[in-house]
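Next comes upload_26.txt, a file with compact mmCIF, C-alpha atoms.
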# COMPACT_ATOMS: atom_id res chain seq x y z
CA MET A 1 0.00 0.00 0.00
CA SER A 2 0.91 3.62 -0.46
CA GLU A 3 2.97 5.37 2.16
CA LYS A 4 1.50 8.69 1.12
CA THR A 5 -0.82 10.53 3.46
CA PHE A 6 -4.33 11.26 2.26
CA ASN A 7 -3.37 14.87 1.67
CA GLU A 8 -0.39 13.76 -0.39
CA LEU A 9 -2.71 11.62 -2.52
CA LEU A 10 -4.89 14.69 -3.18
CA ASN A 11 -1.87 16.62 -4.39
CA TRP A 12 -0.07 13.82 -6.24
CA ARG A 13 -2.95 13.00 -8.57
CA TYR A 14 -3.76 15.16 -11.57
CA ALA A 15 -5.64 14.71 -14.84
CA THR A 16 -2.74 13.12 -16.68
CA LYS A 17 -2.50 14.44 -20.24
CA LYS A 18 0.32 12.20 -21.50
CA MET A 19 0.75 8.62 -20.43
CA ASP A 20 3.74 6.41 -21.10
CA PRO A 21 2.65 3.62 -23.46
CA ALA A 22 5.62 1.50 -22.36
CA LYS A 23 4.31 1.17 -18.79
CA PRO A 24 1.21 -0.97 -18.35
CA VAL A 25 -0.55 -1.06 -14.98
CA ALA A 26 -0.17 -4.38 -13.15
CA GLN A 27 -3.33 -6.42 -12.63
CA ASP A 28 -3.23 -6.26 -8.81
CA LYS A 29 -3.29 -2.47 -8.98
CA VAL A 30 -6.20 -2.49 -11.43
CA ASP A 31 -7.97 -4.90 -9.10
CA ALA A 32 -7.50 -2.52 -6.16
CA ILE A 33 -9.06 0.30 -8.20
CA ILE A 34 -11.97 -1.93 -9.25
CA GLU A 35 -12.46 -2.84 -5.60
CA ALA A 36 -12.83 0.86 -4.70
CA VAL A 37 -15.51 1.18 -7.40
CA ARG A 38 -17.27 -1.90 -6.09
CA MET A 39 -17.19 -0.71 -2.47
CA ALA A 40 -18.23 2.89 -3.18
CA PRO A 41 -21.52 3.75 -1.48
CA THR A 42 -24.56 4.47 -3.65
CA SER A 43 -28.11 5.62 -3.06
CA SER A 44 -30.06 2.89 -1.25
CA GLY A 45 -27.24 0.49 -2.09
CA THR A 46 -28.47 0.16 -5.65
CA GLN A 47 -25.03 0.41 -7.31
CA PRO A 48 -26.90 1.52 -10.44
CA PHE A 49 -24.01 1.32 -12.87
CA GLU A 50 -21.54 -1.13 -14.32
CA LEU A 51 -17.85 -0.82 -14.93
CA ILE A 52 -16.34 -1.90 -18.24
CA VAL A 53 -12.59 -2.43 -18.20
CA VAL A 54 -11.21 -2.16 -21.72
CA THR A 55 -7.71 -3.38 -22.50
CA ASN A 56 -8.39 -4.37 -26.12
CA LYS A 57 -6.33 -2.01 -28.28
CA GLU A 58 -8.69 -1.78 -31.25
CA VAL A 59 -11.66 -1.03 -29.01
CA ARG A 60 -9.68 1.63 -27.17
CA ALA A 61 -8.62 3.14 -30.50
CA ASP A 62 -12.28 3.33 -31.53
CA ILE A 63 -13.25 4.94 -28.22
CA CYS A 64 -10.32 7.34 -28.54
CA LYS A 65 -11.73 8.54 -31.88
CA ALA A 66 -15.09 9.14 -30.17
CA ALA A 67 -13.28 11.17 -27.50
CA SER A 68 -11.54 13.87 -29.54
CA ASP A 69 -8.40 11.74 -29.81
CA GLN A 70 -7.43 12.12 -26.16
CA THR A 71 -4.33 9.94 -26.14
CA PRO A 72 -4.41 8.67 -22.51
CA ILE A 73 -7.14 6.30 -23.76
CA THR A 74 -4.66 4.54 -26.03
CA ASP A 75 -1.35 5.34 -24.27
CA GLY A 76 -2.63 4.02 -20.94
CA SER A 77 -3.06 0.28 -20.47
CA HIS A 78 -6.61 0.11 -19.12
CA LEU A 79 -9.70 2.16 -19.82
CA LEU A 80 -12.47 2.21 -17.21
CA VAL A 81 -15.89 3.05 -18.62
CA PHE A 82 -18.56 3.91 -16.04
CA ALA A 83 -21.95 3.03 -17.53
CA ALA A 84 -25.11 3.91 -15.61
CA TRP A 85 -28.46 2.16 -15.74
CA ASP A 86 -30.66 3.80 -18.35
CA ASN A 87 -33.60 3.53 -15.94
CA TYR A 88 -34.72 2.05 -12.62
CA THR A 89 -36.93 -1.00 -13.12
CA ASN A 90 -38.73 -3.36 -10.76
CA GLU A 91 -36.38 -6.16 -11.81
CA ARG A 92 -33.25 -4.17 -11.07
CA ILE A 93 -34.44 -3.02 -7.65
CA ASP A 94 -35.73 -6.51 -6.84
CA ALA A 95 -32.24 -7.86 -7.51
CA VAL A 96 -30.82 -5.32 -5.04
CA LYS A 97 -33.47 -6.33 -2.50
CA GLN A 98 -32.66 -10.01 -3.01
CA ALA A 99 -28.94 -9.41 -2.42
CA ASN A 100 -29.85 -7.70 0.85
CA LEU A 101 -32.15 -10.54 1.90
CA ASP A 102 -29.51 -13.14 0.97
CA LEU A 103 -26.87 -11.53 3.14
CA ARG A 104 -28.85 -9.95 5.97
CA GLY A 105 -31.73 -12.37 6.24
CA ASP A 106 -35.43 -11.88 5.71
CA ILE A 107 -35.91 -8.64 7.62
CA PRO A 108 -39.37 -7.08 7.06
CA LEU A 109 -37.77 -3.62 6.87
CA ILE A 110 -35.86 -4.62 3.73
CA HIS A 111 -39.02 -5.59 1.83
CA GLN A 112 -40.73 -2.39 2.87
CA TYR A 113 -37.75 -0.21 2.04
CA TYR A 114 -37.20 -1.49 -1.49
CA ASP A 115 -40.93 -1.69 -2.22
CA ASN A 116 -41.14 2.01 -1.35
CA LEU A 117 -38.13 2.64 -3.57
CA LYS A 118 -39.76 0.90 -6.52
CA ALA A 119 -42.97 2.87 -5.97
CA GLY A 120 -40.97 6.09 -5.97
CA TYR A 121 -38.47 5.44 -8.76
CA VAL A 122 -40.04 3.21 -11.39
CA PRO A 123 -42.87 5.57 -12.43
CA ARG A 124 -40.42 8.46 -12.91
CA ASP A 125 -39.17 9.56 -16.31
CA ALA A 126 -36.27 7.39 -17.54
CA GLU A 127 -34.11 10.49 -17.98
CA VAL A 128 -34.58 11.48 -14.32
CA ASN A 129 -33.66 7.98 -13.22
CA TYR A 130 -30.62 7.84 -15.50
CA ALA A 131 -29.45 11.21 -14.15
CA HIS A 132 -29.74 9.87 -10.61
CA ALA A 133 -27.87 6.68 -11.51
CA ALA A 134 -25.14 8.70 -13.23
CA ARG A 135 -24.55 10.73 -10.07
CA GLN A 136 -23.91 7.53 -8.15
CA ALA A 137 -21.28 6.58 -10.72
CA TYR A 138 -19.51 9.85 -9.93
CA ILE A 139 -19.09 8.81 -6.28
CA ALA A 140 -17.38 5.66 -7.55
CA LEU A 141 -15.34 7.77 -9.97
CA GLY A 142 -14.06 9.74 -6.99
CA PHE A 143 -13.23 6.55 -5.12
CA ALA A 144 -11.45 5.15 -8.20
CA MET A 145 -9.26 8.23 -8.63
CA LEU A 146 -8.12 8.13 -5.01
CA ALA A 147 -7.57 4.37 -5.14
CA ALA A 148 -5.46 4.90 -8.26
CA ALA A 149 -3.39 7.55 -6.48
CA ASP A 150 -2.98 5.20 -3.52
CA GLN A 151 -1.59 2.62 -5.97
CA GLY A 152 0.71 5.18 -7.58
CA VAL A 153 -1.31 4.84 -10.78
CA ASP A 154 -2.24 7.82 -12.91
CA CYS A 155 -5.64 8.41 -14.43
CA THR A 156 -7.53 10.97 -16.49
CA PRO A 157 -11.23 11.56 -15.82
CA MET A 158 -12.94 12.36 -19.14
CA GLU A 159 -16.41 13.64 -19.93
CA GLY A 160 -15.42 14.90 -23.37
CA PHE A 161 -16.61 12.04 -25.55
CA ASP A 162 -19.61 11.09 -27.66
CA PRO A 163 -21.65 8.86 -25.36
CA ALA A 164 -23.84 7.51 -28.19
CA LYS A 165 -20.72 6.32 -30.04
CA VAL A 166 -19.16 4.77 -26.95
CA ASP A 167 -22.47 3.06 -26.15
CA GLU A 168 -22.46 1.63 -29.66
CA ILE A 169 -18.81 0.49 -29.54
CA LEU A 170 -19.42 -1.35 -26.26
CA SER A 171 -23.00 -2.49 -27.07
CA LEU A 172 -24.24 -0.77 -23.93
CA LYS A 173 -27.75 0.08 -25.13
CA GLU A 174 -28.66 -3.59 -25.39
CA LYS A 175 -27.67 -3.97 -21.74
CA GLY A 176 -29.76 -1.01 -20.61
CA LEU A 177 -26.65 1.04 -19.91
CA ARG A 178 -25.39 4.47 -20.92
CA SER A 179 -21.75 5.56 -20.77
CA VAL A 180 -21.23 8.34 -18.23
CA VAL A 181 -17.55 8.99 -17.78
CA LEU A 182 -14.20 7.50 -18.85
CA LEU A 183 -11.11 6.91 -16.74
CA PRO A 184 -7.96 5.72 -18.53
CA LEU A 185 -5.32 4.24 -16.24
CA GLY A 186 -1.59 4.31 -16.85
CA TYR A 187 1.58 6.11 -15.82
CA ARG A 188 2.42 9.72 -16.49
CA ASP A 189 5.06 10.53 -19.07
CA PRO A 190 6.80 13.39 -17.24
CA THR A 191 8.65 14.56 -20.33
CA GLY A 192 5.56 14.76 -22.54
CA ASP A 193 2.88 16.18 -20.26
CA TRP A 194 2.32 19.92 -20.50
CA LEU A 195 0.04 19.94 -17.46
CA LEU A 196 2.33 18.18 -14.98
CA PRO A 197 4.68 21.12 -14.28
CA MET A 198 1.79 23.54 -13.78
CA PRO A 199 0.58 24.41 -10.29
CA LYS A 200 -2.85 23.04 -9.35
CA VAL A 201 -5.58 25.67 -9.57
CA ARG A 202 -8.15 25.39 -6.79
CA LYS A 203 -10.48 27.88 -5.17
CA SER A 204 -9.59 29.00 -1.68
CA VAL A 205 -11.57 27.81 1.33
CA GLU A 206 -12.79 31.41 1.64
CA THR A 207 -14.19 31.29 -1.89
CA MET A 208 -15.93 27.94 -1.87
CA VAL A 209 -16.78 27.19 1.75
CA SER A 210 -19.10 29.06 4.09
CA PHE A 211 -19.88 28.38 7.71
CA VAL A 212 -23.22 28.62 9.51
CA GLU A 213 -22.24 28.69 13.18
CA MET B 1 -3.01 10.42 9.67
CA SER B 2 -4.78 7.11 9.54
CA GLU B 3 -2.82 3.91 9.71
CA LYS B 4 -5.55 2.11 7.85
CA THR B 5 -4.90 0.87 4.34
CA PHE B 6 -7.11 2.19 1.56
CA ASN B 7 -8.99 -1.08 1.49
CA GLU B 8 -9.56 -0.84 5.24
CA LEU B 9 -11.00 2.65 4.75
CA LEU B 10 -13.47 1.24 2.18
CA ASN B 11 -14.66 -1.35 4.67
CA TRP B 12 -14.57 0.78 7.83
CA ARG B 13 -16.89 3.47 6.54
CA TYR B 14 -20.64 2.96 6.36
CA ALA B 15 -23.70 5.19 6.19
CA THR B 16 -23.91 5.80 9.91
CA LYS B 17 -27.50 5.70 11.13
CA LYS B 18 -26.92 6.71 14.75
CA MET B 19 -24.30 9.20 15.82
CA ASP B 20 -23.15 9.91 19.35
CA PRO B 21 -24.23 13.48 20.22
CA ALA B 22 -21.62 13.60 23.00
CA LYS B 23 -18.70 13.34 20.56
CA PRO B 24 -18.12 16.39 18.37
CA VAL B 25 -15.59 16.20 15.55
CA ALA B 26 -12.44 18.25 16.16
CA GLN B 27 -11.83 21.19 13.86
CA ASP B 28 -8.58 19.84 12.39
CA LYS B 29 -10.44 16.75 11.22
CA VAL B 30 -13.23 18.81 9.69
CA ASP B 31 -10.56 20.92 7.99
CA ALA B 32 -8.98 17.79 6.47
CA ILE B 33 -12.36 16.74 5.06
CA ILE B 34 -12.98 20.23 3.66
CA GLU B 35 -9.53 20.08 2.06
CA ALA B 36 -10.50 16.88 0.24
CA VAL B 37 -13.61 18.63 -1.10
CA ARG B 38 -11.53 21.60 -2.18
CA MET B 39 -8.93 19.45 -3.94
CA ALA B 40 -11.38 17.11 -5.67
CA PRO B 41 -11.11 17.34 -9.45
CA THR B 42 -14.01 18.75 -11.43
CA SER B 43 -14.87 19.19 -15.08
CA SER B 44 -12.55 21.80 -16.65
CA GLY B 45 -11.52 22.80 -13.14
CA THR B 46 -14.74 24.74 -12.67
CA GLN B 47 -15.47 23.50 -9.12
CA PRO B 48 -19.12 24.38 -9.83
CA PHE B 49 -20.43 24.01 -6.31
CA GLU B 50 -19.99 25.42 -2.83
CA LEU B 51 -19.78 23.71 0.50
CA ILE B 52 -21.80 24.97 3.46
CA VAL B 53 -20.62 23.72 6.85
CA VAL B 54 -23.45 23.98 9.36
CA THR B 55 -22.75 23.67 13.06
CA ASN B 56 -25.59 25.92 14.25
CA LYS B 57 -28.00 23.70 16.15
CA GLU B 58 -31.22 25.47 15.22
CA VAL B 59 -30.34 25.48 11.54
CA ARG B 60 -29.48 21.79 11.68
CA ALA B 61 -32.77 21.07 13.45
CA ASP B 62 -34.61 22.88 10.65
CA ILE B 63 -32.72 20.94 7.98
CA CYS B 64 -33.37 17.71 9.90
CA LYS B 65 -37.10 18.38 9.65
CA ALA B 66 -36.70 18.85 5.88
CA ALA B 67 -34.89 15.49 5.73
CA SER B 68 -37.44 13.08 7.21
CA ASP B 69 -35.95 13.55 10.70
CA GLN B 70 -32.75 11.68 9.94
CA THR B 71 -31.01 12.12 13.29
CA PRO B 72 -27.35 12.09 12.18
CA ILE B 73 -28.01 15.67 11.06
CA THR B 74 -28.59 16.76 14.65
CA ASP B 75 -26.65 14.06 16.56
CA GLY B 76 -23.50 14.71 14.53
CA SER B 77 -21.52 17.89 15.14
CA HIS B 78 -21.12 19.20 11.58
CA LEU B 79 -23.38 19.08 8.56
CA LEU B 80 -21.81 19.46 5.12
CA VAL B 81 -24.22 20.72 2.46
CA PHE B 82 -23.01 20.39 -1.13
CA ALA B 83 -24.71 23.10 -3.19
CA ALA B 84 -24.21 23.17 -6.95
CA TRP B 85 -24.33 26.17 -9.25
CA ASP B 86 -27.84 26.60 -10.62
CA ASN B 87 -26.34 27.40 -14.02
CA TYR B 88 -23.09 28.11 -15.85
CA THR B 89 -22.68 31.79 -16.62
CA ASN B 90 -20.02 33.84 -18.39
CA GLU B 91 -19.12 35.48 -15.07
CA ARG B 92 -18.63 32.17 -13.28
CA ILE B 93 -16.48 30.70 -16.04
CA ASP B 94 -14.52 33.94 -16.38
CA ALA B 95 -13.67 33.72 -12.68
CA VAL B 96 -12.33 30.19 -13.25
CA LYS B 97 -10.32 31.42 -16.23
CA GLN B 98 -8.93 34.30 -14.19
CA ALA B 99 -7.80 31.97 -11.39
CA ASN B 100 -5.95 29.92 -14.02
CA LEU B 101 -4.33 33.01 -15.52
CA ASP B 102 -3.34 34.30 -12.07
CA LEU B 103 -1.56 31.08 -11.16
CA ARG B 104 -0.28 29.78 -14.50
CA GLY B 105 0.34 33.01 -16.35
CA ASP B 106 -1.23 34.41 -19.46
CA ILE B 107 -1.14 31.31 -21.64
CA PRO B 108 -3.14 31.72 -24.90
CA LEU B 109 -4.48 28.18 -24.51
CA ILE B 110 -6.28 29.13 -21.30
CA HIS B 111 -8.23 31.94 -22.97
CA GLN B 112 -9.19 29.71 -25.86
CA TYR B 113 -10.17 26.80 -23.63
CA TYR B 114 -12.50 28.72 -21.37
CA ASP B 115 -13.94 30.78 -24.22
CA ASN B 116 -14.89 27.50 -25.90
CA LEU B 117 -16.37 26.31 -22.62
CA LYS B 118 -18.52 29.42 -22.30
CA ALA B 119 -19.69 29.03 -25.90
CA GLY B 120 -20.65 25.42 -25.18
CA TYR B 121 -22.17 25.73 -21.70
CA VAL B 122 -23.81 29.11 -21.31
CA PRO B 123 -26.45 28.71 -24.07
CA ARG B 124 -27.59 25.35 -22.65
CA ASP B 125 -30.69 24.93 -20.56
CA ALA B 126 -30.09 25.84 -16.90
CA GLU B 127 -31.34 22.42 -15.81
CA VAL B 128 -28.74 20.65 -17.99
CA ASN B 129 -26.00 22.84 -16.55
CA TYR B 130 -27.18 22.31 -12.97
CA ALA B 131 -27.24 18.53 -13.55
CA HIS B 132 -23.65 18.69 -14.80
CA ALA B 133 -22.56 20.81 -11.84
CA ALA B 134 -24.30 18.44 -9.42
CA ARG B 135 -22.34 15.50 -10.80
CA GLN B 136 -19.09 17.28 -10.03
CA ALA B 137 -20.27 17.71 -6.45
CA TYR B 138 -20.61 13.94 -6.23
CA ILE B 139 -16.91 13.48 -7.01
CA ALA B 140 -16.18 15.75 -4.06
CA LEU B 141 -18.73 13.83 -1.97
CA GLY B 142 -16.74 10.67 -2.67
CA PHE B 143 -13.50 12.41 -1.72
CA ALA B 144 -15.10 13.75 1.49
CA MET B 145 -16.33 10.32 2.58
CA LEU B 146 -12.89 8.77 2.15
CA ALA B 147 -11.19 11.72 3.85
CA ALA B 148 -13.61 11.30 6.76
CA ALA B 149 -12.78 7.60 7.01
CA ASP B 150 -9.08 8.47 6.91
CA GLN B 151 -9.70 10.78 9.88
CA GLY B 152 -11.68 8.10 11.73
CA VAL B 153 -14.76 10.29 11.36
CA ASP B 154 -18.16 8.86 10.49
CA CYS B 155 -20.54 10.34 7.97
CA THR B 156 -23.90 9.68 6.36
CA PRO B 157 -24.49 10.62 2.73
CA MET B 158 -28.10 11.76 2.32
CA GLU B 159 -30.20 12.47 -0.75
CA GLY B 160 -33.48 12.05 1.09
CA PHE B 161 -34.37 15.66 1.82
CA ASP B 162 -36.49 18.43 0.38
CA PRO B 163 -34.00 20.51 -1.62
CA ALA B 164 -36.35 23.48 -1.95
CA LYS B 165 -36.67 23.69 1.84
CA VAL B 166 -32.94 23.34 2.43
CA ASP B 167 -32.28 26.00 -0.22
CA GLU B 168 -34.66 28.28 1.65
CA ILE B 169 -33.18 27.56 5.10
CA LEU B 170 -29.68 28.37 3.84
CA SER B 171 -30.73 31.17 1.43
CA LEU B 172 -29.08 29.30 -1.43
CA LYS B 173 -31.33 30.53 -4.24
CA GLU B 174 -30.14 34.10 -3.77
CA LYS B 175 -26.57 32.85 -4.25
CA GLY B 176 -27.44 30.95 -7.44
CA LEU B 177 -26.99 27.62 -5.67
CA ARG B 178 -29.11 24.50 -5.24
CA SER B 179 -28.59 21.90 -2.52
CA VAL B 180 -27.52 18.55 -3.95
CA VAL B 181 -26.53 16.22 -1.15
CA LEU B 182 -26.00 16.31 2.63
CA LEU B 183 -23.16 14.78 4.63
CA PRO B 184 -23.44 14.91 8.44
CA LEU B 185 -20.17 14.28 10.28
CA GLY B 186 -19.83 12.73 13.71
CA TYR B 187 -19.01 9.50 15.49
CA ARG B 188 -20.99 6.29 15.33
CA ASP B 189 -22.94 5.24 18.42
CA PRO B 190 -22.23 1.50 18.30
CA THR B 191 -24.99 0.65 20.76
CA GLY B 192 -27.72 2.56 18.92
CA ASP B 193 -27.00 1.84 15.25
CA TRP B 194 -29.02 -0.97 13.70
CA LEU B 195 -26.94 -0.91 10.52
CA LEU B 196 -23.48 -1.23 12.06
CA PRO B 197 -23.62 -4.97 12.88
CA MET B 198 -24.96 -5.87 9.44
CA PRO B 199 -22.63 -7.12 6.72
CA LYS B 200 -22.02 -4.75 3.82
CA VAL B 201 -24.03 -5.67 0.73
CA ARG B 202 -22.12 -5.16 -2.51
CA LYS B 203 -22.39 -6.72 -5.94
CA SER B 204 -19.66 -9.15 -6.91
CA VAL B 205 -17.01 -8.19 -9.46
CA GLU B 206 -18.64 -10.77 -11.75
CA THR B 207 -21.97 -8.94 -11.50
CA MET B 208 -20.87 -5.35 -11.98
CA VAL B 209 -17.61 -5.47 -13.93
CA SER B 210 -16.99 -6.72 -17.44
CA PHE B 211 -13.73 -6.94 -19.34
CA VAL B 212 -13.09 -6.20 -23.02
CA GLU B 213 -9.74 -7.85 -23.65
Let me see the file written as structure tokens.
Amino acid sequence: MSEKTFNELLNWRYATKKMDPAKPVAQDKVDAIIEAVRMAPTSSGTQPFELIVVTNKEVRADICKAASDQTPITDGSHLLVFAAWDNYTNERIDAVKQANLDLRGDIPLIHQYYDNLKAGYVPRDAEVNYAHAARQAYIALGFAMLAAADQGVDCTPMEGFDPAKVDEILSLKEKGLRSVVLLPLGYRDPTGDWLLPMPKVRKSVETMVSFVE
Amino acid sequence: MSEKTFNELLNWRYATKKMDPAKPVAQDKVDAIIEAVRMAPTSSGTQPFELIVVTNKEVRADICKAASDQTPITDGSHLLVFAAWDNYTNERIDAVKQANLDLRGDIPLIHQYYDNLKAGYVPRDAEVNYAHAARQAYIALGFAMLAAADQGVDCTPMEGFDPAKVDEILSLKEKGLRSVVLLPLGYRDPTGDWLLPMPKVRKSVETMVSFVE
């Protein structure tokens, strides 16, 4: 595990613009990042997204084209695609309920809780439900970026891509999924990255935080 | 700093249902959690949300009422309210651009980048822009939860509240903000929390992750 403090992780990571294609990420490190995605908390424990881990070079080249040719997708060794549920359905929520019952036993509260959830979510517009699911994926995105930093692995969060094209490349529509955000994994190329030497720009506490005391 | 491994942090944290009102969180720990929010990456570095840290008891009691009486809000010592920009505006993006210019110098690329961003974002529907800003807040929510775990501090992510009421209580509308998610901070009350003894329910890697090799 990393010997960095949490604060050092926050400062070490950055949206890597140039990755070294000669340095693939070892599987145990990828697994640790996947584990952070898997363990990330989500609304009512629904985990309403899937993670697609793309190593295939041709597929990554296709996705790269659908993402304004951002080279970390192809220079890195692994591409994480966060794909949210396109809607909440009775079947999907029932599967979450069943997993709870399997592990925690047949507690009446669990039935009631997820039945209420179905009554609240399923009738809503699919776009509202997708938007809610996508937000949950962003919690896991945050967890993944910190897990990567903890592993000394670089990553580049990317929203700048054509989701319809990525959905098509990965056949996500058929699975009831929609691509939300991309996260290539790899190692920074310190000589080729224009962003690395630049100081991090962040708002001050005074600017972005207020206190109600 | 914590001596826990990253994986231990993932397993230690849980959505605390009962906090001990006799144990307030020390300011240095709250500061470390705020720092994680401040340093969390966001789309184009916009940081399109603010954080409101509520310690005032009456205000927390009011928010608690607007959140189905979820007691961690009042039993904890600090309530973090993530409030996203209600829209992207030229002024807001110009301020981001200026912060970049101030720190990194007058690089032509910066002007071009943020001018493109304004051209893309500002004409969009306010609701689309708010939804995008809210997602960024969820990255910071993820960072905050892990920073809290690193500090040995418990927290409870909450979406179940009336955002219009919380906006009114905190006068967010006047600031062009909308409440997105709540995160009370405190310490678990092991004797009073029904959730603590229960095993964590998470999907298996086989269920939620697929590999394109």
task = Compute the set of chain B residues within 8 Å of chain A, using all atoms listed in the file, and express it as a PyMOL selection string.
result = chain B and resi 1+5-7+10-11+14+32+36+38-41+43+45+47+49-56+99-100+103-104+131+134-136+138-143+146-147+150+159+198-199+201-205+208-213
A:Ala84, A:Asp154, A:Tyr130, A:Pro108 ranked by distance to Leu196 in chain A, top pick (using only C-alpha atoms) = A:Asp154
Axis-aligned box for range 158-167 of chain A, 8 Å per side, centre and edges in Å as JSON:
{"center_x": -18.4, "center_y": 9.0, "center_z": -24.6, "size_x": 26.9, "size_y": 27.8, "size_z": 26.9}
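The space separating CA of Lys23 in chain B from CA of Gly186 in chain B comes to 7.0 Å.
Using all atoms listed in the file for every distance, the candidate list B:Asp62, B:Asp20, B:Asp193, B:Asp28 yields B:Asp62 as the residue closest to Phe161 in chain B.
Atom pair CA of Ala95 in chain A / CA of Val122 in chain A has a distance of 14.1 Å (rounded to one decimal).
Of the residues under consideration (B:Asp167, B:Asp94, B:Asp162, B:Glu8), B:Asp162 shows the shortest atom-to-atom contact distance to Ala67 in chain B when counting all atoms listed in the file.
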ask   = For the point (-0.5, 11.6, -22.5) in file coordinates, what residues are within 6 Å, counting all atoms listed in the file? Give the answer as an NGL selection string?
value = :A and (17-19 or 71-72)
Writer output for current selection, C-alpha atoms, as a CSV table (one decimal), in the frame of the given file:
chain,number,residue,atom,x,y,z
A,17,LYS,CA,-2.5,14.4,-20.2
A,18,LYS,CA,0.3,12.2,-21.5
A,19,MET,CA,0.8,8.6,-20.4
A,71,THR,CA,-4.3,9.9,-26.1
A,72,PRO,CA,-4.4,8.7,-22.5
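Among A:Tyr114, A:Ser77, A:Leu109, A:Leu177, the residue with the shortest atom-to-atom distance to Ile93 in chain A, counting all atoms listed in the file, is A:Tyr114.
The interatomic distance for the pair CA of Arg124 in chain B and CA of Tyr121 in chain A works out to 26.6 Å.
Closest approach to Pro163 in chain B among B:Ala66, B:Ala22, B:Leu183, B:Ile73 is made by B:Ala66 (distances from all atoms listed in the file).
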